[in-house]
>>> print(open('final_27.tsv').read())   # TSV, C-alpha atoms
chain	number	residue	atom	x	y	z
A	158	MET	CA	0.00	0.00	0.00
A	159	ASN	CA	1.46	3.31	-1.06
A	160	THR	CA	1.18	6.27	1.26
A	161	PRO	CA	1.25	9.99	0.49
A	162	GLN	CA	4.93	9.89	1.47
A	163	ASP	CA	5.62	7.88	-1.71
A	164	ILE	CA	4.44	10.82	-3.80
A	165	ASN	CA	5.53	14.42	-3.80
A	166	VAL	CA	2.11	15.83	-3.00
A	167	SER	CA	3.35	19.42	-2.85
A	168	ILE	CA	3.42	19.78	-6.63
A	169	ASN	CA	0.73	21.55	-8.64
A	170	VAL	CA	-1.39	19.02	-10.55
A	171	LEU	CA	-3.11	20.25	-13.69
A	172	VAL	CA	-6.35	18.38	-14.45
A	173	VAL	CA	-7.56	18.77	-18.03
A	174	ASP	CA	-11.06	17.60	-18.92
A	175	ASP	CA	-13.94	19.25	-20.74
A	176	ILE	CA	-16.46	17.76	-18.30
A	177	ALA	CA	-16.70	19.79	-15.11
A	178	ALA	CA	-18.10	16.87	-13.12
A	179	VAL	CA	-15.09	14.74	-14.03
A	180	ARG	CA	-12.71	17.50	-13.00
A	181	SER	CA	-14.49	17.67	-9.65
A	182	VAL	CA	-14.15	13.92	-9.18
A	183	MET	CA	-10.48	14.09	-10.08
A	184	ARG	CA	-9.98	16.91	-7.60
A	185	LYS	CA	-11.61	14.77	-4.93
A	186	LEU	CA	-9.46	11.72	-5.75
A	187	LEU	CA	-6.27	13.79	-5.83
A	188	GLY	CA	-7.25	15.29	-2.47
A	189	THR	CA	-7.63	11.77	-1.08
A	190	ILE	CA	-4.10	10.97	-2.23
A	191	GLY	CA	-2.84	14.09	-0.48
A	192	PHE	CA	-2.46	16.71	-3.21
A	193	THR	CA	-3.51	20.18	-2.15
A	194	THR	CA	-2.62	22.31	-5.18
A	195	ILE	CA	-4.80	21.38	-8.13
A	196	SER	CA	-5.40	23.48	-11.22
A	197	GLU	CA	-8.11	22.83	-13.77
A	198	ALA	CA	-8.45	23.38	-17.52
A	199	ALA	CA	-11.48	22.61	-19.67
A	200	ASP	CA	-9.49	21.92	-22.83
A	201	GLY	CA	-6.00	21.74	-24.28
A	202	GLU	CA	-5.90	25.43	-25.08
A	203	GLN	CA	-6.61	26.40	-21.46
A	204	ALA	CA	-4.09	23.81	-20.32
A	205	LEU	CA	-1.32	25.37	-22.41
A	206	GLN	CA	-2.15	28.80	-20.98
A	207	CYS	CA	-2.02	27.35	-17.46
A	208	LEU	CA	1.31	25.66	-18.18
A	209	ASN	CA	2.80	28.97	-19.28
A	210	SER	CA	1.51	30.91	-16.31
A	211	SER	CA	2.09	28.55	-13.40
A	212	ASP	CA	4.50	25.91	-12.18
A	213	VAL	CA	2.85	22.59	-13.00
A	214	GLY	CA	4.40	19.35	-11.74
A	215	LEU	CA	2.00	16.81	-13.25
A	216	ILE	CA	-0.64	16.85	-15.98
A	217	ILE	CA	-3.62	14.50	-15.92
A	218	SER	CA	-5.55	14.91	-19.14
A	219	ASP	CA	-8.59	13.45	-20.81
A	220	TRP	CA	-8.08	12.28	-24.40
A	221	ASN	CA	-11.35	13.39	-26.04
A	222	MET	CA	-11.72	17.13	-25.76
A	223	PRO	CA	-12.76	19.99	-28.03
A	224	LYS	CA	-10.23	22.40	-29.61
A	225	ILE	CA	-6.95	20.70	-28.65
A	226	ASN	CA	-7.48	17.07	-27.62
A	227	GLY	CA	-5.34	15.23	-25.09
A	228	LEU	CA	-3.03	13.72	-27.67
A	229	ASP	CA	-2.36	17.05	-29.38
A	230	LEU	CA	-1.84	18.63	-25.96
A	231	LEU	CA	0.71	15.93	-25.13
A	232	GLU	CA	2.52	16.60	-28.40
A	233	GLN	CA	2.66	20.34	-27.76
A	234	VAL	CA	3.83	19.83	-24.18
A	235	ARG	CA	6.60	17.50	-25.30
A	236	ALA	CA	7.65	19.95	-28.03
A	237	ASP	CA	8.40	22.56	-25.37
A	238	GLU	CA	11.91	22.04	-23.98
A	239	LYS	CA	10.78	23.23	-20.54
A	240	HIS	CA	8.07	20.56	-20.30
A	241	LYS	CA	9.74	17.81	-22.27
A	242	HIS	CA	9.89	15.49	-19.26
A	243	LEU	CA	6.87	16.75	-17.34
A	244	PRO	CA	4.87	13.77	-16.03
A	245	PHE	CA	1.80	13.44	-18.24
A	246	ILE	CA	-0.99	10.94	-17.58
A	247	MET	CA	-3.63	10.35	-20.24
A	248	ILE	CA	-7.12	9.23	-19.25
A	249	THR	CA	-9.51	7.75	-21.75
A	250	ALA	CA	-12.57	5.55	-22.09
A	251	ASN	CA	-11.11	4.03	-25.24
A	252	LYS	CA	-9.20	0.96	-24.08
A	253	SER	CA	-7.90	-0.25	-27.45
A	254	ARG	CA	-4.25	-1.19	-27.60
A	255	GLU	CA	-3.78	1.09	-30.63
A	256	HIS	CA	-4.67	4.07	-28.44
A	257	VAL	CA	-2.17	3.07	-25.75
A	258	ILE	CA	0.59	2.68	-28.35
A	259	GLU	CA	-0.24	6.01	-29.99
A	260	ALA	CA	-0.02	7.80	-26.65
A	261	ALA	CA	3.22	5.99	-25.76
A	262	ASN	CA	4.74	6.98	-29.08
A	263	ARG	CA	4.03	10.61	-28.32
A	264	GLY	CA	5.73	10.41	-24.94
A	265	VAL	CA	2.98	9.84	-22.40
A	266	SER	CA	4.19	8.91	-18.91
A	267	GLY	CA	1.10	6.94	-17.91
A	268	TYR	CA	-2.24	5.81	-19.28
A	269	ILE	CA	-5.45	5.20	-17.35
A	270	SER	CA	-8.54	3.53	-18.77
A	271	LYS	CA	-11.91	4.53	-17.38
A	272	PRO	CA	-13.42	3.52	-15.06
A	273	PHE	CA	-10.71	3.70	-12.43
A	274	ASN	CA	-10.47	4.17	-8.68
A	275	VAL	CA	-8.19	6.09	-6.34
A	276	ASP	CA	-5.79	3.14	-5.93
A	277	THR	CA	-5.26	2.96	-9.70
A	278	LEU	CA	-4.77	6.71	-9.89
A	279	ARG	CA	-2.23	6.64	-7.04
A	280	ALA	CA	-0.27	3.79	-8.65
A	281	LYS	CA	-0.28	5.50	-12.06
A	282	ILE	CA	0.95	8.78	-10.58
A	283	ILE	CA	3.83	7.02	-8.83
A	284	GLU	CA	4.70	5.22	-12.06
A	285	ALA	CA	4.43	8.38	-14.17
A	286	MET	CA	6.67	10.34	-11.79
A	287	ARG	CA	9.23	7.52	-11.94
A	288	VAL	CA	9.12	7.34	-15.75
A	289	ALA	CA	9.41	11.11	-16.11
A	290	GLY	CA	12.22	11.21	-13.55
A	291	GLU	CA	14.21	8.57	-15.42
A	292	ALA	CA	13.67	10.36	-18.72
A	293	SER	CA	15.04	13.64	-17.38
A	294	ALA	CA	18.01	12.02	-15.59
B	208	MET	CA	-27.86	-17.37	-32.41
B	209	LYS	CA	-28.80	-13.67	-32.34
B	210	ALA	CA	-30.63	-14.14	-29.04
B	211	ALA	CA	-27.50	-15.69	-27.50
B	212	ALA	CA	-25.36	-12.81	-28.76
B	213	ASN	CA	-27.82	-10.28	-27.36
B	214	ALA	CA	-27.89	-12.10	-24.02
B	215	GLN	CA	-24.10	-12.00	-23.91
B	216	LEU	CA	-24.12	-8.29	-24.70
B	217	GLY	CA	-26.72	-7.83	-21.98
B	218	ASN	CA	-24.36	-9.50	-19.50
B	219	TYR	CA	-21.49	-7.25	-20.58
B	220	ILE	CA	-23.68	-4.15	-20.23
B	221	ASP	CA	-24.80	-5.22	-16.77
B	222	ILE	CA	-21.26	-5.85	-15.53
B	223	ALA	CA	-19.88	-2.61	-17.02
B	224	LEU	CA	-22.74	-0.43	-15.77
B	225	ARG	CA	-22.47	-1.76	-12.23
B	226	GLU	CA	-18.69	-1.27	-12.20
B	227	ILE	CA	-18.97	2.35	-13.35
B	228	LEU	CA	-21.79	3.25	-10.97
B	229	ASN	CA	-20.07	1.50	-8.06
B	230	ASN	CA	-17.00	3.63	-8.79
B	231	TRP	CA	-19.26	6.64	-8.45
B	232	SER	CA	-20.38	5.31	-5.05
B	233	VAL	CA	-23.77	4.21	-6.39
B	234	SER	CA	-24.74	0.73	-5.23
B	235	ASP	CA	-28.55	0.86	-5.36
B	236	ILE	CA	-28.87	-0.75	-8.79
B	237	GLN	CA	-31.70	-3.19	-9.55
B	238	ARG	CA	-32.29	-4.88	-12.88
B	239	VAL	CA	-36.02	-4.81	-13.74
B	240	ASP	CA	-38.08	-6.34	-16.55
B	241	SER	CA	-39.35	-3.09	-17.94
B	242	ALA	CA	-38.61	0.52	-17.16
B	243	ASN	CA	-40.81	2.13	-19.78
B	244	GLU	CA	-43.77	2.59	-17.48
B	245	LEU	CA	-41.53	3.96	-14.75
B	246	PHE	CA	-40.95	7.12	-16.76
B	247	ARG	CA	-43.80	9.55	-16.21
B	248	ALA	CA	-45.39	10.81	-19.39
B	249	THR	CA	-45.29	14.38	-18.13
B	250	GLU	CA	-41.57	14.31	-17.59
B	251	PRO	CA	-38.90	14.45	-20.31
B	252	ILE	CA	-36.37	11.66	-20.52
B	253	MET	CA	-32.72	12.57	-20.61
B	254	MET	CA	-30.79	10.48	-23.11
B	255	ALA	CA	-27.02	10.45	-23.54
B	256	ARG	CA	-25.82	8.70	-26.69
B	257	LEU	CA	-22.48	7.91	-28.20
B	258	GLY	CA	-21.82	6.46	-31.62
B	259	PHE	CA	-18.80	4.41	-32.58
B	260	THR	CA	-17.29	3.24	-35.84
B	261	GLY	CA	-14.67	0.65	-36.67
B	262	LEU	CA	-14.99	-3.07	-37.22
B	263	THR	CA	-18.69	-2.47	-36.77
B	264	GLN	CA	-20.74	0.61	-36.01
B	265	GLY	CA	-23.53	1.45	-33.65
B	266	ALA	CA	-24.32	3.50	-30.62
B	267	TYR	CA	-24.95	3.07	-26.95
B	268	SER	CA	-27.42	5.23	-25.11
B	269	VAL	CA	-28.37	5.71	-21.48
B	270	CYS	CA	-31.78	7.14	-20.65
B	271	CYS	CA	-32.94	8.33	-17.26
B	272	THR	CA	-34.92	11.05	-15.56
B	273	PRO	CA	-33.31	14.47	-15.06
B	274	GLN	CA	-33.63	13.80	-11.30
B	275	LEU	CA	-31.54	10.65	-11.54
B	276	ALA	CA	-28.92	12.40	-13.68
B	277	GLY	CA	-28.71	15.07	-10.97
B	278	ALA	CA	-28.53	12.47	-8.20
B	279	LEU	CA	-25.74	10.61	-10.04
B	280	THR	CA	-23.83	13.87	-10.36
B	281	ASN	CA	-24.14	14.46	-6.63
B	282	GLU	CA	-22.91	10.95	-5.90
B	283	MET	CA	-20.07	11.33	-8.38
B	284	VAL	CA	-18.72	14.65	-7.20
B	285	GLY	CA	-19.93	14.62	-3.60
B	286	GLU	CA	-20.57	17.93	-1.93
B	287	MET	CA	-18.05	19.75	-4.08
B	288	CYS	CA	-20.46	21.28	-6.53
B	289	GLU	CA	-24.16	21.69	-7.13
B	290	ALA	CA	-25.68	19.41	-9.74
B	291	SER	CA	-26.84	22.01	-12.26
B	292	PRO	CA	-28.79	20.73	-15.29
B	293	GLU	CA	-25.68	21.19	-17.44
B	294	LEU	CA	-23.52	19.23	-15.00
B	295	ALA	CA	-26.16	16.48	-14.93
B	296	ARG	CA	-26.10	16.32	-18.74
B	297	GLN	CA	-22.33	16.07	-18.67
B	298	THR	CA	-22.47	13.30	-16.10
B	299	LEU	CA	-24.81	11.22	-18.24
B	300	GLY	CA	-22.55	11.85	-21.24
B	301	GLU	CA	-19.59	10.65	-19.23
B	302	LEU	CA	-21.51	7.54	-18.20
B	303	VAL	CA	-22.25	6.55	-21.79
B	304	ASN	CA	-18.67	7.41	-22.78
B	305	VAL	CA	-17.11	5.11	-20.19
B	306	LEU	CA	-19.75	2.45	-20.77
B	307	THR	CA	-19.08	2.38	-24.51
B	308	GLY	CA	-15.32	2.09	-24.02
B	309	SER	CA	-15.79	-0.81	-21.59
B	310	LEU	CA	-18.29	-2.63	-23.80
B	311	LEU	CA	-16.24	-2.42	-26.97
B	312	VAL	CA	-13.30	-4.05	-25.19
B	313	ALA	CA	-15.57	-6.66	-23.61
B	314	CYS	CA	-17.10	-7.52	-27.00
B	315	TYR	CA	-14.11	-7.25	-29.32
B	316	GLY	CA	-10.96	-7.22	-27.16
B	317	GLU	CA	-8.22	-4.62	-26.83
B	318	ASP	CA	-6.68	-5.26	-30.23
B	319	VAL	CA	-9.63	-3.98	-32.22
B	320	ALA	CA	-9.56	-0.21	-32.60
B	321	PHE	CA	-12.75	1.85	-32.66
B	322	GLN	CA	-13.38	5.54	-33.04
B	323	LEU	CA	-15.64	6.85	-30.30
B	324	HIS	CA	-17.63	9.91	-31.27
B	325	VAL	CA	-18.30	12.74	-28.84
B	326	SER	CA	-21.32	11.96	-26.70
B	327	ASP	CA	-24.34	14.20	-26.69
B	328	THR	CA	-27.25	14.42	-24.30
B	329	VAL	CA	-30.76	15.29	-25.43
B	330	GLU	CA	-34.21	15.38	-23.91
B	331	ILE	CA	-36.76	13.09	-25.52
B	332	PRO	CA	-40.49	12.62	-24.87
B	333	SER	CA	-40.38	8.81	-24.87
B	334	LEU	CA	-37.90	5.97	-25.16
B	335	PRO	CA	-36.71	5.10	-28.68
B	336	ARG	CA	-38.22	1.98	-30.21
B	337	LEU	CA	-35.91	-0.96	-30.60
B	338	HIS	CA	-35.20	-2.53	-33.96
B	339	ASP	CA	-34.14	-6.05	-34.78
B	340	GLY	CA	-30.87	-6.99	-33.13
B	341	GLU	CA	-30.87	-4.08	-30.70
B	342	VAL	CA	-30.66	-4.51	-26.95
B	343	GLN	CA	-32.35	-2.79	-24.03
B	344	LEU	CA	-31.64	-3.32	-20.34
B	345	ASN	CA	-33.85	-1.78	-17.70
B	346	TYR	CA	-32.86	-0.71	-14.23
B	347	ARG	CA	-33.97	1.06	-11.15
B	348	VAL	CA	-31.02	3.08	-9.92
B	349	MET	CA	-31.44	4.88	-6.63
B	350	GLY	CA	-35.15	4.18	-7.03
B	351	GLN	CA	-35.39	5.87	-10.43
B	352	PRO	CA	-35.65	4.33	-13.90
B	353	MET	CA	-32.63	3.95	-16.13
B	354	VAL	CA	-32.46	2.27	-19.52
B	355	VAL	CA	-29.30	1.24	-21.37
B	356	MET	CA	-29.62	0.56	-25.07
B	357	PHE	CA	-27.42	-0.75	-27.82
B	358	LEU	CA	-28.60	0.66	-31.13
B	359	ARG	CA	-27.30	-1.07	-34.20
B	360	THR	CA	-26.93	1.95	-36.44
B	361	LEU	CA	-26.04	5.57	-35.94
B	362	LYS	CA	-29.06	6.42	-38.10
B	363	THR	CA	-31.30	5.03	-35.41
B	364	VAL	CA	-29.88	7.57	-33.01
B	365	GLU	CA	-30.17	10.45	-35.44
B	366	ASN	CA	-33.83	9.63	-35.94
B	367	VAL	CA	-34.71	9.87	-32.27
>>> encode(input="final_27.tsv", output="structure tokens")
Amino acid sequence: MNTPQDINVSINVLVVDDIAAVRSVMRKLLGTIGFTTISEAADGEQALQCLNSSDVGLIISDWNMPKINGLDLLEQVRADEKHKHLPFIMITANKSREHVIEAANRGVSGYISKPFNVDTLRAKIIEAMRVAGEASA
Amino acid sequence: MKAAANAQLGNYIDIALREILNNWSVSDIQRVDSANELFRATEPIMMARLGFTGLTQGAYSVCCTPQLAGALTNEMVGEMCEASPELARQTLGELVNVLTGSLLVACYGEDVAFQLHVSDTVEIPSLPRLHDGEVQLNYRVMGQPMVVMFLRTLKTVENV
């Protein structure tokens, strides 16, 4: 069982989802894990603005969104030298292997299929932080 | 043959729906024979629908009362926000989104890729009629009616 001590819960987590109810749920789950600083964006465009204006330590993004979807957001984040190794977790209802591979090819640090619970989220965050840490080392 | 396939799909729908709702802290889920008469004629039905294309095409839809959509939102997000009508619509859209993703994997496996369209939620005066090969499961969730449907063609959805 992982505890909050396994995760740096002082970082700012950016939650990107076009559905407000889902963002609220994510905020609740992240709070359960121990995170206290959580930013929200309703689409990729807002997420990029948030990234440029605040110090984000982890992005958790939905795949299907209007304007800039999660995959395009990931690509733009990775194209920025400053955020090249920023932990980025993609969440999607589409569980096909092709989707997982596509996200991995674009540099995602973790992938969560819906539905999921707080234990899955915690494990994926730990894994994503580890992957991102190794990539930047 | 078709009846067996529909029964199997019904089982998949039941398992997936319960898993999703349980994750949202909803455990009062009863399968019932018919939900049609549970919807009051004076009240609109909220229907979230999501089409998919790929190896095959179709759409899943979830129908319930606006009250249930609001109650699900409250269960999902807790006390953190008020379940406005828009938030309730979004919640139902999210339910059909997650349900569709789960069912496509259950039916076809992870190696078959599908394109999931963006869900939309509409208000309808009565439940859509089923056509040959389509599936309907009826529930009482938190004491309110809910219907999950598999519609064989996207056209069926557009015609609602």
>>> interface_residues(input="final_27.tsv", of="chain A", to="chain B", cutoff="7 Å", atoms="all atoms listed in the file", output="VMD selection string")
chain A and resid 176 to 178 181 to 182 250 to 255 271 to 272 274
>>> write_last_selection(input="final_27.tsv", atoms="C-alpha atoms", output="PDB file, in the coordinates of the input")
ATOM      1  CA  ILE A 176     -16.460  17.760 -18.300  1.00  0.00           C
ATOM      2  CA  ALA A 177     -16.700  19.790 -15.110  1.00  0.00           C
ATOM      3  CA  ALA A 178     -18.100  16.870 -13.120  1.00  0.00           C
ATOM      4  CA  SER A 181     -14.490  17.670  -9.650  1.00  0.00           C
ATOM      5  CA  VAL A 182     -14.150  13.920  -9.180  1.00  0.00           C
ATOM      6  CA  ALA A 250     -12.570   5.550 -22.090  1.00  0.00           C
ATOM      7  CA  ASN A 251     -11.110   4.030 -25.240  1.00  0.00           C
ATOM      8  CA  LYS A 252      -9.200   0.960 -24.080  1.00  0.00           C
ATOM      9  CA  SER A 253      -7.900  -0.250 -27.450  1.00  0.00           C
ATOM     10  CA  ARG A 254      -4.250  -1.190 -27.600  1.00  0.00           C
ATOM     11  CA  GLU A 255      -3.780   1.090 -30.630  1.00  0.00           C
ATOM     12  CA  LYS A 271     -11.910   4.530 -17.380  1.00  0.00           C
ATOM     13  CA  PRO A 272     -13.420   3.520 -15.060  1.00  0.00           C
ATOM     14  CA  ASN A 274     -10.470   4.170  -8.680  1.00  0.00           C
TER      15      ASN A 274
END
>>> atom_distance(input="final_27.tsv", atom1="atom CA of Glu341 of chain B", atom2="atom CA of Met254 of chain B")
16.4 Å
>>> atom_distance(input="final_27.tsv", atom1="atom CA of Pro332 of chain B", atom2="atom CA of Pro352 of chain B")
14.6 Å
>>> atom_distance(input="final_27.tsv", atom1="atom CA of Thr277 of chain A", atom2="atom CA of Lys224 of chain A")
28.3 Å
>>> closest_residue(input="final_27.tsv", among="A:Ile216, A:Ile190, A:Tyr268, A:Glu202", to="Val170 of chain A", atoms="all atoms listed in the file")
A:Ile216
>>> closest_residue(input="final_27.tsv", among="B:Met353, B:Leu344, B:Ile331, B:Ile222", to="Leu279 of chain B", atoms="all atoms listed in the file")
B:Met353
